[in-house]
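File shown here: entry_20.csv, holding CSV, C-alpha atoms and all ligand atoms.
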```
chain,number,residue,atom,x,y,z
Y,1,MET,CA,31.2,67.2,-101.8
Y,2,ILE,CA,30.4,70.0,-104.1
Y,3,PRO,CA,30.7,73.2,-101.9
Y,4,ASP,CA,27.3,74.6,-101.1
Y,5,TYR,CA,28.1,77.9,-102.9
Y,6,VAL,CA,28.8,76.2,-106.2
Y,7,ASP,CA,26.2,75.6,-108.8
Y,8,ILE,CA,27.3,73.3,-111.7
Y,9,THR,CA,24.7,73.8,-114.4
Y,10,GLU,CA,23.9,73.7,-118.1
Y,11,SER,CA,22.1,77.0,-117.7
Y,12,ALA,CA,24.1,79.8,-116.1
Y,13,LYS,CA,21.3,82.0,-117.1
Y,14,ASP,CA,18.7,80.3,-115.0
Y,15,SER,CA,21.1,80.1,-112.1
Y,16,ILE,CA,21.7,83.9,-112.3
Y,17,ASP,CA,18.0,84.4,-112.6
Y,18,ASN,CA,17.3,82.5,-109.4
Y,19,LEU,CA,19.9,84.3,-107.5
Y,20,LEU,CA,18.7,87.7,-108.5
Y,21,LEU,CA,15.1,86.9,-107.6
Y,22,ASP,CA,16.2,85.7,-104.3
Y,23,LYS,CA,18.5,88.6,-103.3
Y,24,LYS,CA,17.0,91.8,-104.7
Y,25,TYR,CA,20.2,93.8,-105.3
Y,26,THR,CA,20.1,97.6,-105.7
Y,27,GLN,CA,22.6,97.6,-108.6
Y,28,VAL,CA,24.4,95.0,-110.6
Y,29,ALA,CA,27.6,95.2,-112.6
Y,30,VAL,CA,29.2,92.6,-114.8
Y,31,LEU,CA,33.0,92.6,-115.0
Y,32,CYS,CA,34.4,91.3,-118.3
Y,33,ASP,CA,37.5,91.4,-120.5
Y,34,GLU,CA,37.4,91.9,-124.2
Y,35,HIS,CA,37.2,88.2,-124.9
Y,36,THR,CA,34.5,87.4,-122.3
Y,37,LEU,CA,32.5,90.4,-123.4
Y,38,GLU,CA,32.5,89.1,-126.9
Y,39,HIS,CA,31.9,85.4,-126.2
Y,40,CYS,CA,30.4,85.0,-122.8
Y,41,TYR,CA,28.4,88.1,-122.0
Y,42,PRO,CA,25.8,87.5,-124.8
Y,43,LEU,CA,25.0,84.2,-123.2
Y,44,ILE,CA,23.8,85.8,-119.9
Y,45,LYS,CA,22.9,89.4,-120.7
Y,46,ASP,CA,19.2,88.8,-121.4
Y,47,THR,CA,18.6,87.6,-117.9
Y,48,LEU,CA,20.0,90.7,-116.4
Y,49,LYS,CA,17.6,93.7,-116.3
Y,50,ASP,CA,19.2,97.0,-115.5
Y,51,HIS,CA,22.9,96.5,-115.2
Y,52,HIS,CA,26.3,98.0,-116.0
Y,53,VAL,CA,29.2,96.4,-117.8
Y,54,ILE,CA,32.8,97.1,-116.8
Y,55,GLU,CA,35.3,96.0,-119.3
Y,56,ILE,CA,39.0,95.7,-118.5
Y,57,PRO,CA,41.9,94.5,-120.8
Y,58,SER,CA,42.5,90.7,-120.7
Y,59,GLY,CA,45.6,89.1,-119.3
Y,60,GLU,CA,47.8,88.7,-116.2
Y,61,ASP,CA,49.6,91.9,-116.9
Y,62,TYR,CA,46.4,93.8,-115.9
Y,63,LYS,CA,45.8,91.9,-112.6
Y,64,ASN,CA,47.1,94.9,-110.6
Y,65,LEU,CA,46.2,97.9,-108.5
Y,66,ASN,CA,45.7,100.2,-111.5
Y,67,THR,CA,42.9,98.0,-112.9
Y,68,CYS,CA,41.4,97.7,-109.4
Y,69,GLN,CA,41.2,101.5,-109.3
Y,70,THR,CA,39.4,101.5,-112.7
Y,71,ILE,CA,36.9,99.0,-111.2
Y,72,TRP,CA,36.4,100.9,-107.9
Y,73,ASN,CA,36.1,104.2,-109.8
Y,74,GLN,CA,33.4,102.9,-112.0
Y,75,ILE,CA,31.3,101.4,-109.2
Y,76,THR,CA,31.8,104.5,-107.1
Y,77,ASP,CA,30.7,106.8,-110.0
Y,78,LYS,CA,27.6,104.6,-110.4
Y,79,GLN,CA,26.9,105.0,-106.6
Y,80,PHE,CA,27.0,101.3,-105.8
Y,81,ASP,CA,25.9,100.8,-102.2
Y,82,ARG,CA,26.4,97.8,-100.0
Y,83,LYS,CA,23.5,96.0,-101.4
Y,84,SER,CA,25.0,95.9,-104.9
Y,85,LEU,CA,26.4,92.9,-106.7
Y,86,LEU,CA,29.4,92.4,-108.9
Y,87,ILE,CA,29.3,89.4,-111.4
Y,88,ASN,CA,32.8,88.4,-112.4
Y,89,LEU,CA,32.5,86.9,-115.9
Y,90,GLY,CA,35.8,85.5,-117.0
Y,91,GLY,CA,38.9,83.4,-116.2
Y,92,GLY,CA,41.0,83.4,-113.1
Y,93,VAL,CA,42.3,86.9,-113.6
Y,94,ILE,CA,38.8,88.4,-113.6
Y,95,GLY,CA,37.6,86.2,-110.7
Y,96,ASP,CA,40.6,86.9,-108.5
Y,97,MET,CA,40.7,90.6,-109.2
Y,98,GLY,CA,36.9,91.3,-109.4
Y,99,GLY,CA,36.4,89.3,-106.2
Y,100,PHE,CA,39.2,91.3,-104.5
Y,101,CYS,CA,37.6,94.6,-105.6
Y,102,ALA,CA,34.2,93.5,-104.3
Y,103,ALA,CA,35.5,92.1,-101.0
Y,104,THR,CA,37.1,95.4,-100.2
Y,105,TYR,CA,34.7,98.0,-101.7
Y,106,LYS,CA,32.8,99.5,-98.7
Y,107,ARG,CA,34.2,96.7,-96.6
Y,108,GLY,CA,32.6,94.1,-98.9
Y,109,ILE,CA,29.7,93.8,-101.3
Y,110,ASP,CA,28.4,90.5,-102.7
Y,111,PHE,CA,30.0,89.0,-105.8
Y,112,VAL,CA,29.3,86.0,-108.0
Y,113,GLN,CA,32.0,84.1,-109.9
Y,114,VAL,CA,31.0,83.0,-113.4
Y,115,PRO,CA,34.2,81.2,-114.4
Y,116,THR,CA,34.6,80.9,-118.2
Y,117,THR,CA,38.0,79.1,-118.5
Y,118,LEU,CA,38.5,75.5,-117.4
Y,119,LEU,CA,41.2,76.6,-115.0
Y,120,ALA,CA,38.8,79.0,-113.3
Y,121,GLN,CA,35.9,76.5,-113.2
Y,122,VAL,CA,37.8,73.7,-111.5
Y,123,ASP,CA,40.4,75.7,-109.6
Y,124,ALA,CA,40.5,79.5,-109.2
Y,125,SER,CA,36.8,80.0,-108.5
Y,126,ILE,CA,36.8,77.4,-105.7
Y,127,GLY,CA,38.1,78.1,-102.2
Y,128,GLY,CA,37.8,81.8,-101.8
Y,129,LYS,CA,41.4,83.0,-102.5
Y,130,LEU,CA,41.2,86.5,-104.1
Y,131,GLY,CA,43.9,88.9,-105.1
Y,132,ILE,CA,46.2,90.8,-107.4
Y,133,ASP,CA,49.9,90.9,-108.4
Y,134,PHE,CA,52.1,93.6,-106.9
Y,135,ASN,CA,55.6,94.8,-107.7
Y,136,GLY,CA,56.2,91.6,-109.8
Y,137,PHE,CA,55.0,89.3,-107.1
Y,138,LYS,CA,52.1,87.0,-108.0
Y,139,ASN,CA,49.0,87.2,-105.9
Y,140,HIS,CA,50.9,89.3,-103.4
Y,141,ILE,CA,47.9,91.4,-102.2
Y,142,GLY,CA,44.7,89.6,-101.4
Y,143,VAL,CA,42.1,88.2,-99.0
Y,144,PHE,CA,40.2,85.1,-98.4
Y,145,LYS,CA,36.4,85.5,-99.0
Y,146,LEU,CA,33.8,83.2,-100.5
Y,147,PRO,CA,31.5,84.5,-103.2
Y,148,VAL,CA,27.8,84.3,-102.7
Y,149,ARG,CA,27.7,81.9,-105.7
Y,150,VAL,CA,30.0,80.2,-108.2
Y,151,ILE,CA,28.1,79.4,-111.4
Y,152,VAL,CA,29.9,76.8,-113.5
Y,153,ASP,CA,28.5,76.2,-117.0
Y,154,PRO,CA,30.6,74.2,-119.5
Y,155,VAL,CA,29.0,76.1,-122.4
Y,156,PHE,CA,31.6,78.8,-122.0
Y,157,LEU,CA,34.4,76.3,-122.9
Y,158,LYS,CA,33.1,76.2,-126.5
Y,159,THR,CA,34.8,79.5,-127.3
Y,160,LEU,CA,37.9,78.9,-125.2
Y,161,PRO,CA,41.0,78.3,-127.3
Y,162,ASP,CA,42.1,74.7,-127.2
Y,163,ARG,CA,45.5,75.6,-125.7
Y,164,GLN,CA,43.7,77.3,-122.8
Y,165,VAL,CA,41.5,74.2,-122.4
Y,166,LYS,CA,44.5,72.0,-122.2
Y,167,SER,CA,46.2,74.3,-119.8
Y,168,GLY,CA,43.2,74.1,-117.4
Y,169,TYR,CA,43.1,70.4,-117.8
Y,170,ALA,CA,46.5,70.1,-116.0
Y,171,GLU,CA,44.6,71.1,-112.8
Y,172,VAL,CA,42.0,68.4,-113.5
Y,173,ILE,CA,44.8,65.9,-113.9
Y,174,LYS,CA,46.5,67.2,-110.7
Y,175,HIS,CA,43.3,66.7,-108.7
Y,176,GLY,CA,43.1,63.1,-109.8
Y,177,LEU,CA,46.8,62.5,-109.0
Y,178,ILE,CA,46.7,63.9,-105.5
Y,179,HIS,CA,43.3,62.7,-104.4
Y,180,ASP,CA,41.5,60.1,-106.4
Y,181,ASN,CA,43.0,57.2,-108.2
Y,182,THR,CA,39.7,56.4,-110.0
Y,183,VAL,CA,39.4,59.9,-111.4
Y,184,PHE,CA,42.9,59.6,-112.8
Y,185,LYS,CA,42.3,56.2,-114.3
Y,186,ASN,CA,39.1,57.6,-116.0
Y,187,LEU,CA,41.1,60.6,-117.4
Y,188,ILE,CA,43.7,58.3,-118.9
Y,189,LYS,CA,41.0,56.3,-120.7
Y,190,THR,CA,39.3,59.4,-122.1
Y,191,ASP,CA,40.4,61.3,-125.2
Y,192,LEU,CA,40.4,65.0,-124.3
Y,193,SER,CA,38.3,65.8,-127.3
Y,194,ASN,CA,35.5,63.4,-126.1
Y,195,THR,CA,35.4,64.7,-122.6
Y,196,LYS,CA,32.0,64.9,-120.9
Y,197,TRP,CA,32.7,68.3,-119.4
Y,198,LEU,CA,29.9,68.5,-116.9
Y,199,GLU,CA,30.9,65.2,-115.2
Y,200,THR,CA,34.7,65.9,-115.4
Y,201,ILE,CA,34.3,69.4,-113.9
Y,202,LYS,CA,32.0,68.1,-111.2
Y,203,GLU,CA,34.5,65.4,-110.1
Y,204,SER,CA,37.4,67.9,-110.1
Y,205,ILE,CA,35.5,70.5,-108.1
Y,206,ILE,CA,34.5,67.9,-105.5
Y,207,ILE,CA,38.2,67.1,-105.0
Y,208,LYS,CA,39.3,70.7,-104.6
Y,209,GLY,CA,36.2,71.5,-102.5
Y,210,ASP,CA,37.0,68.6,-100.1
Y,211,ILE,CA,40.6,69.6,-99.7
Y,212,VAL,CA,39.8,73.3,-99.2
Y,213,GLU,CA,36.9,72.6,-96.8
Y,214,ALA,CA,39.3,70.5,-94.6
Y,215,ASP,CA,41.8,73.4,-94.5
Y,216,PRO,CA,40.4,76.7,-95.7
Y,217,PHE,CA,43.4,78.8,-94.8
Y,218,GLU,CA,46.2,76.6,-96.0
Y,219,LYS,CA,47.7,75.5,-92.7
Y,220,GLY,CA,48.2,71.9,-93.9
Y,221,GLN,CA,46.2,69.7,-96.3
Y,222,ARG,CA,45.5,72.5,-98.8
Y,223,LYS,CA,49.2,72.5,-99.6
Y,224,LEU,CA,48.6,69.2,-101.4
Y,225,LEU,CA,47.1,71.4,-104.2
Y,226,ASN,CA,50.6,72.6,-104.9
Y,227,PHE,CA,51.7,69.3,-106.4
Y,228,GLY,CA,53.5,70.2,-109.7
Y,229,HIS,CA,53.4,73.8,-108.8
Y,230,THR,CA,56.8,74.2,-106.9
Y,231,ILE,CA,58.9,73.3,-110.0
Y,232,GLY,CA,56.1,74.5,-112.3
Y,233,HIS,CA,56.2,78.0,-110.9
Y,234,ALA,CA,60.0,78.2,-110.9
Y,235,ILE,CA,59.9,77.4,-114.6
Y,236,GLU,CA,56.9,79.6,-115.3
Y,237,THR,CA,58.5,82.6,-113.7
Y,238,GLN,CA,61.5,82.5,-116.1
Y,239,PHE,CA,59.2,82.4,-119.1
Y,240,LEU,CA,56.9,85.2,-117.7
Y,241,GLU,CA,59.9,87.5,-117.4
Y,242,LYS,CA,60.4,87.2,-121.2
Y,243,HIS,CA,56.7,88.4,-121.6
Y,244,THR,CA,56.0,85.9,-124.3
Y,245,ASN,CA,53.2,83.5,-124.5
Y,246,GLU,CA,55.5,80.6,-124.7
Y,247,LEU,CA,54.4,78.7,-121.7
Y,248,LEU,CA,50.9,78.8,-120.1
Y,249,HIS,CA,50.4,78.1,-116.4
Y,250,GLY,CA,49.0,74.5,-117.0
Y,251,GLU,CA,51.8,73.7,-119.4
Y,252,ALA,CA,54.4,74.7,-116.7
Y,253,VAL,CA,52.5,72.7,-114.1
Y,254,ALA,CA,52.5,69.6,-116.4
Y,255,ILE,CA,56.3,69.8,-116.5
Y,256,GLY,CA,56.3,70.3,-112.8
Y,257,MET,CA,54.1,67.3,-112.3
Y,258,ILE,CA,56.6,65.1,-114.2
Y,259,CYS,CA,59.6,66.4,-112.2
Y,260,GLU,CA,57.8,66.1,-108.9
Y,261,SER,CA,56.6,62.6,-109.8
Y,262,TRP,CA,60.3,61.7,-110.3
Y,263,LEU,CA,61.0,63.2,-106.8
Y,264,SER,CA,58.1,61.3,-105.4
Y,265,ASN,CA,59.6,58.1,-106.8
Y,266,ARG,CA,63.0,59.0,-105.3
Y,267,LYS,CA,61.9,60.3,-101.9
Y,268,LEU,CA,58.6,58.6,-101.2
Y,269,ASN,CA,57.2,55.4,-102.5
Y,270,LEU,CA,55.7,56.3,-105.8
Y,271,PRO,CA,56.2,53.1,-107.8
Y,272,THR,CA,58.3,53.3,-110.9
Y,273,ASN,CA,55.5,52.0,-113.1
Y,274,GLN,CA,53.3,54.8,-111.9
Y,275,LEU,CA,56.0,57.4,-112.5
Y,276,GLU,CA,56.2,56.1,-116.1
Y,277,GLU,CA,52.4,56.1,-116.5
Y,278,ILE,CA,52.2,59.7,-115.4
Y,279,GLN,CA,55.2,60.8,-117.5
Y,280,LYS,CA,53.8,59.1,-120.6
Y,281,TYR,CA,50.3,60.4,-120.1
Y,282,LEU,CA,51.4,64.0,-119.6
Y,283,THR,CA,53.9,64.1,-122.5
Y,284,GLY,CA,51.1,62.6,-124.7
Y,285,ILE,CA,49.0,65.7,-124.0
Y,286,TYR,CA,51.6,68.5,-123.5
Y,287,GLY,CA,54.5,67.2,-125.6
Y,288,LYS,CA,58.0,67.9,-124.3
Y,289,LYS,CA,59.4,71.5,-123.9
Y,290,ASP,CA,62.9,72.3,-124.7
Y,291,LEU,CA,64.2,73.7,-121.4
Y,292,TYR,CA,67.8,74.1,-122.3
Y,293,ASP,CA,67.7,77.9,-122.0
Y,294,LEU,CA,66.6,77.7,-118.4
Y,295,ASN,CA,69.0,79.4,-116.1
Y,296,ILE,CA,69.6,77.0,-113.3
Y,297,ASP,CA,70.7,79.6,-110.7
Y,298,ASP,CA,67.5,81.5,-111.2
Y,299,PHE,CA,65.5,78.3,-111.2
Y,300,VAL,CA,66.9,77.4,-107.7
Y,301,GLY,CA,66.5,81.0,-106.6
Y,302,ASN,CA,62.8,80.9,-107.5
Y,303,LEU,CA,62.4,77.6,-105.8
Y,304,LYS,CA,63.8,79.0,-102.6
Y,305,GLN,CA,61.5,82.0,-102.8
Y,306,ASP,CA,58.3,79.9,-102.8
Y,307,LYS,CA,55.8,81.3,-100.3
Y,308,LYS,CA,55.3,77.8,-98.8
Y,309,ASN,CA,58.9,77.3,-97.6
Y,310,LYS,CA,60.0,77.5,-94.1
Y,311,GLY,CA,63.6,78.6,-93.4
Y,312,ASN,CA,66.1,77.2,-95.9
Y,313,LYS,CA,64.3,74.0,-96.9
Y,314,ILE,CA,62.3,73.7,-100.1
Y,315,LEU,CA,59.1,72.0,-99.2
Y,316,PHE,CA,57.2,70.0,-101.8
Y,317,SER,CA,53.8,68.2,-102.0
Y,318,LEU,CA,54.6,64.8,-103.5
Y,319,LEU,CA,52.8,61.6,-104.3
Y,320,ASN,CA,52.9,58.5,-102.1
Y,321,GLU,CA,51.1,56.8,-105.0
Y,322,ILE,CA,48.6,57.9,-107.6
Y,323,GLY,CA,45.6,59.3,-105.7
Y,324,GLU,CA,47.4,60.0,-102.5
Y,325,ALA,CA,49.8,62.8,-101.7
Y,326,ARG,CA,51.8,64.2,-98.8
Y,327,PHE,CA,52.8,67.8,-98.1
Y,328,ASP,CA,55.9,69.4,-96.5
Y,329,VAL,CA,58.4,67.0,-98.0
Y,330,SER,CA,61.8,68.6,-97.8
Y,331,ILE,CA,63.9,68.5,-101.0
Y,332,SER,CA,67.4,69.9,-101.6
Y,333,PRO,CA,68.2,72.2,-104.5
Y,334,GLU,CA,70.4,69.4,-106.0
Y,335,GLU,CA,67.5,66.9,-106.0
Y,336,ALA,CA,65.3,69.5,-107.6
Y,337,ILE,CA,67.9,70.1,-110.4
Y,338,GLU,CA,68.2,66.3,-110.9
Y,339,SER,CA,64.4,66.1,-111.4
Y,340,LEU,CA,64.7,68.7,-114.1
Y,341,GLU,CA,67.5,66.6,-115.7
Y,342,TYR,CA,65.1,63.7,-115.7
Y,343,TYR,CA,62.6,65.7,-117.7
Y,344,ARG,CA,65.3,67.0,-120.1
Y,345,ASN,CA,66.6,63.5,-120.7
Y,346,MET,CA,63.3,61.7,-121.2
Y,401,LIG,N1,42.2,82.0,-106.6
Y,401,LIG,C1,42.7,80.8,-106.8
Y,401,LIG,O1,42.6,79.9,-105.9
Y,401,LIG,C2,43.5,80.6,-108.1
Y,401,LIG,C3,43.9,79.3,-108.4
Y,401,LIG,C4,44.5,79.1,-109.6
Y,401,LIG,C5,44.8,80.2,-110.5
Y,401,LIG,N2,44.4,81.5,-110.1
Y,401,LIG,C6,44.7,82.6,-110.9
Y,401,LIG,O2,44.0,82.5,-112.2
Y,401,LIG,C7,44.6,83.2,-113.2
Y,401,LIG,C8,44.7,82.5,-114.4
Y,401,LIG,O3,43.4,82.2,-114.9
Y,401,LIG,P1,43.0,81.7,-116.4
Y,401,LIG,O4,43.9,80.6,-116.8
Y,401,LIG,O5,41.6,81.5,-116.4
Y,401,LIG,O6,43.5,83.0,-117.2
Y,401,LIG,P2,42.7,84.3,-117.8
Y,401,LIG,O7,41.7,84.8,-116.8
Y,401,LIG,O8,43.8,85.2,-118.2
Y,401,LIG,O9,42.0,83.7,-119.1
Y,401,LIG,C9,42.8,83.2,-120.1
Y,401,LIG,C10,42.4,83.9,-121.5
Y,401,LIG,O10,41.1,83.3,-121.9
Y,401,LIG,C11,40.2,84.3,-122.3
Y,401,LIG,N3,38.9,83.8,-122.0
Y,401,LIG,C12,38.3,83.5,-120.8
Y,401,LIG,N4,37.1,82.9,-121.0
Y,401,LIG,C13,37.0,82.7,-122.3
Y,401,LIG,C14,36.0,82.1,-123.1
Y,401,LIG,N5,35.0,81.4,-122.6
Y,401,LIG,N6,36.1,82.1,-124.5
Y,401,LIG,C15,37.2,82.7,-125.0
Y,401,LIG,N7,38.2,83.3,-124.3
Y,401,LIG,C16,38.1,83.3,-123.0
Y,401,LIG,C17,40.6,85.5,-121.4
Y,401,LIG,O11,40.2,86.7,-121.9
Y,401,LIG,C18,42.1,85.4,-121.4
Y,401,LIG,O12,42.6,85.9,-122.6
Y,401,LIG,C19,46.0,83.6,-112.6
Y,401,LIG,O13,46.0,85.0,-112.3
Y,401,LIG,C20,46.1,82.8,-111.3
Y,401,LIG,O14,46.9,83.4,-110.3
Y,401,LIG,C21,43.8,81.7,-108.9
Y,402,ZN,ZN,47.7,75.9,-110.9
```
Render the structure in this file as structure tokens.
Amino acid sequence: MIPDYVDITESAKDSIDNLLLDKKYTQVAVLCDEHTLEHCYPLIKDTLKDHHVIEIPSGEDYKNLNTCQTIWNQITDKQFDRKSLLINLGGGVIGDMGGFCAATYKRGIDFVQVPTTLLAQVDASIGGKLGIDFNGFKNHIGVFKLPVRVIVDPVFLKTLPDRQVKSGYAEVIKHGLIHDNTVFKNLIKTDLSNTKWLETIKESIIIKGDIVEADPFEKGQRKLLNFGHTIGHAIETQFLEKHTNELLHGEAVAIGMICESWLSNRKLNLPTNQLEEIQKYLTGIYGKKDLYDLNIDDFVGNLKQDKKNKGNKILFSLLNEIGEARFDVSISPEEAIESLEYYRNM
């Protein structure tokens, strides 16, 4: 089911309009970065009467306490009371951080997510996880709180760089792989450039929505969403330390999904023909990255640090088959390294 707080629409403007008529907020602010201010804000600004714009610099490097202070300072200066609203207009960084600021300001004011990247539309804006990075640890400080509304309009994707669209698409593929064989089959048949976004996004949100609803605080089933992310994060971390733009999140997850499909074939029953299908499909979209510079000790170190582990075991979410996954599968560091070898040798 589409969660009841999510509105998938071809008019974000109307959706915001309805919400504002309904709720009568004392003050409204829109949080943007320089890209969403330029490309997305013009699409909604006419529907907002008196409002403030808060602009912060784009990028993960700014998802921190300093930027939160800027946001809290601005709404404090403008005397936002508890009946005020924050509209987070942007990708996952804006949504996670703006949501966190709103959820903690005066013990919580309403906020609306208007996700403008594909990743934020199908993933980050769904499920109520909010937060910021701290001392080099990703999403280290945060809370769970649902927004009053998530307004998803594919129109925003028109200005999103192709590489960012592809990166978000990795989560769409992941949702199919872990939960819905038919969704995955349809993706394989569709050329990315001909995607009907409204439908694709809807199907993907339904999958994430169902998983999160069954396990809102990640005690069990929600861990399935980590498929591709255990190896993906361990690789992403090494690239992030270099502070280059060499590997986006979804690109790392695509590598992770190939390695973890190999582990699924080895440790569970994922049939070899399905492993090959996944591998071919993902390399067709994302190509193959040269990972020969990867430091294997650091890679294993990062795997062991994963928040989801218990004790010394590295716990993975893997595929029984396409469309069905299992969480808490224990994998040794050697097996994880072997899966990386599989990727390197493909
Ligand atoms: N809360 C969750 O459950 C959850 C889940 C997944 C990811 N996340 C978080 O999401 C973040 C990543 O999100 P992201 O990939 O959206 O990155 P992002 O927010 O950094 O956006 C990517 C880039 O696209 C630009 N942009 C956004 N919308 C645009 C548009 N419509 N047109 C042109 N440019 C646009 C942004 O300014 C930025 O430069 C990470 O911090 C991650 O931790 C959270
Ligand atoms: Zn992800």
* Name the closest residue to Y:Ser167 among the candidates Y:Lys185, Y:Lys242, Y:His249, Y:Lys138; distances are taken between atoms, counting only C-alpha atoms. => Y:His249
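Considering the residues Y:Phe156, Y:Phe144, Y:Phe80, Y:Tyr5 and counting all atoms listed in the file, Y:Ile44 has its shortest atom-to-atom contact with Y:Phe156.
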* Please write out the residues within 6 Å of ligand LIG 401 (chain Y) as a ChimeraX atom specification, counting all atoms listed in the file. => /Y:33,35-36,39-40,58-60,90-94,96,116-117,119-120,123-124,129-130,156-157,159-160
Dump as a PDB file, keeping the file's coordinate frame, selection limited to C-alpha atoms:
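The result, written out as out.pdb:
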```pdb
ATOM      1  CA  ASP Y  33      37.500  91.400-120.500  1.00  0.00           C
ATOM      2  CA  HIS Y  35      37.200  88.200-124.900  1.00  0.00           C
ATOM      3  CA  THR Y  36      34.500  87.400-122.300  1.00  0.00           C
ATOM      4  CA  HIS Y  39      31.900  85.400-126.200  1.00  0.00           C
ATOM      5  CA  CYS Y  40      30.400  85.000-122.800  1.00  0.00           C
ATOM      6  CA  SER Y  58      42.500  90.700-120.700  1.00  0.00           C
ATOM      7  CA  GLY Y  59      45.600  89.100-119.300  1.00  0.00           C
ATOM      8  CA  GLU Y  60      47.800  88.700-116.200  1.00  0.00           C
ATOM      9  CA  GLY Y  90      35.800  85.500-117.000  1.00  0.00           C
ATOM     10  CA  GLY Y  91      38.900  83.400-116.200  1.00  0.00           C
ATOM     11  CA  GLY Y  92      41.000  83.400-113.100  1.00  0.00           C
ATOM     12  CA  VAL Y  93      42.300  86.900-113.600  1.00  0.00           C
ATOM     13  CA  ILE Y  94      38.800  88.400-113.600  1.00  0.00           C
ATOM     14  CA  ASP Y  96      40.600  86.900-108.500  1.00  0.00           C
ATOM     15  CA  THR Y 116      34.600  80.900-118.200  1.00  0.00           C
ATOM     16  CA  THR Y 117      38.000  79.100-118.500  1.00  0.00           C
ATOM     17  CA  LEU Y 119      41.200  76.600-115.000  1.00  0.00           C
ATOM     18  CA  ALA Y 120      38.800  79.000-113.300  1.00  0.00           C
ATOM     19  CA  ASP Y 123      40.400  75.700-109.600  1.00  0.00           C
ATOM     20  CA  ALA Y 124      40.500  79.500-109.200  1.00  0.00           C
ATOM     21  CA  LYS Y 129      41.400  83.000-102.500  1.00  0.00           C
ATOM     22  CA  LEU Y 130      41.200  86.500-104.100  1.00  0.00           C
ATOM     23  CA  PHE Y 156      31.600  78.800-122.000  1.00  0.00           C
ATOM     24  CA  LEU Y 157      34.400  76.300-122.900  1.00  0.00           C
ATOM     25  CA  THR Y 159      34.800  79.500-127.300  1.00  0.00           C
ATOM     26  CA  LEU Y 160      37.900  78.900-125.200  1.00  0.00           C
TER      27      LEU Y 160
END
```
At a cut-off of 12 Å around ligand ZN 402 (chain Y), and using only C-alpha atoms and all ligand atoms, what residues come up? Please write them as a PDB file with C-alpha atoms, keeping the file's coordinate frame.
```pdb
ATOM      1  CA  GLY Y  92      41.000  83.400-113.100  1.00  0.00           C
ATOM      2  CA  LEU Y 118      38.500  75.500-117.400  1.00  0.00           C
ATOM      3  CA  LEU Y 119      41.200  76.600-115.000  1.00  0.00           C
ATOM      4  CA  ALA Y 120      38.800  79.000-113.300  1.00  0.00           C
ATOM      5  CA  VAL Y 122      37.800  73.700-111.500  1.00  0.00           C
ATOM      6  CA  ASP Y 123      40.400  75.700-109.600  1.00  0.00           C
ATOM      7  CA  ALA Y 124      40.500  79.500-109.200  1.00  0.00           C
ATOM      8  CA  SER Y 125      36.800  80.000-108.500  1.00  0.00           C
ATOM      9  CA  SER Y 167      46.200  74.300-119.800  1.00  0.00           C
ATOM     10  CA  GLY Y 168      43.200  74.100-117.400  1.00  0.00           C
ATOM     11  CA  TYR Y 169      43.100  70.400-117.800  1.00  0.00           C
ATOM     12  CA  ALA Y 170      46.500  70.100-116.000  1.00  0.00           C
ATOM     13  CA  GLU Y 171      44.600  71.100-112.800  1.00  0.00           C
ATOM     14  CA  VAL Y 172      42.000  68.400-113.500  1.00  0.00           C
ATOM     15  CA  ILE Y 173      44.800  65.900-113.900  1.00  0.00           C
ATOM     16  CA  LYS Y 174      46.500  67.200-110.700  1.00  0.00           C
ATOM     17  CA  HIS Y 175      43.300  66.700-108.700  1.00  0.00           C
ATOM     18  CA  LYS Y 208      39.300  70.700-104.600  1.00  0.00           C
ATOM     19  CA  LYS Y 223      49.200  72.500 -99.600  1.00  0.00           C
ATOM     20  CA  LEU Y 224      48.600  69.200-101.400  1.00  0.00           C
ATOM     21  CA  LEU Y 225      47.100  71.400-104.200  1.00  0.00           C
ATOM     22  CA  ASN Y 226      50.600  72.600-104.900  1.00  0.00           C
ATOM     23  CA  PHE Y 227      51.700  69.300-106.400  1.00  0.00           C
ATOM     24  CA  GLY Y 228      53.500  70.200-109.700  1.00  0.00           C
ATOM     25  CA  HIS Y 229      53.400  73.800-108.800  1.00  0.00           C
ATOM     26  CA  THR Y 230      56.800  74.200-106.900  1.00  0.00           C
ATOM     27  CA  ILE Y 231      58.900  73.300-110.000  1.00  0.00           C
ATOM     28  CA  GLY Y 232      56.100  74.500-112.300  1.00  0.00           C
ATOM     29  CA  HIS Y 233      56.200  78.000-110.900  1.00  0.00           C
ATOM     30  CA  GLU Y 236      56.900  79.600-115.300  1.00  0.00           C
ATOM     31  CA  LEU Y 248      50.900  78.800-120.100  1.00  0.00           C
ATOM     32  CA  HIS Y 249      50.400  78.100-116.400  1.00  0.00           C
ATOM     33  CA  GLY Y 250      49.000  74.500-117.000  1.00  0.00           C
ATOM     34  CA  GLU Y 251      51.800  73.700-119.400  1.00  0.00           C
ATOM     35  CA  ALA Y 252      54.400  74.700-116.700  1.00  0.00           C
ATOM     36  CA  VAL Y 253      52.500  72.700-114.100  1.00  0.00           C
ATOM     37  CA  ALA Y 254      52.500  69.600-116.400  1.00  0.00           C
ATOM     38  CA  ILE Y 255      56.300  69.800-116.500  1.00  0.00           C
ATOM     39  CA  GLY Y 256      56.300  70.300-112.800  1.00  0.00           C
ATOM     40  CA  MET Y 257      54.100  67.300-112.300  1.00  0.00           C
TER      41      MET Y 257
END
```
* To do: Considering all atoms listed in the file, return as a PyMOL selection string whatever protein or nucleic-acid residues lie within 12 Å of Y:Asn273, sequence-local ones (same chain, fewer than 6 positions apart) excluded.
  => chain Y and resi 261-262+265+279-280+321-322
* **Shell around Y:Thr283 at 10 Å using all atoms listed in the file, local window under 5 positions removed, as a list in words** => Ala254, Ile255, Ile258, Ile278, Lys288, Lys289 and Met346 of chain Y
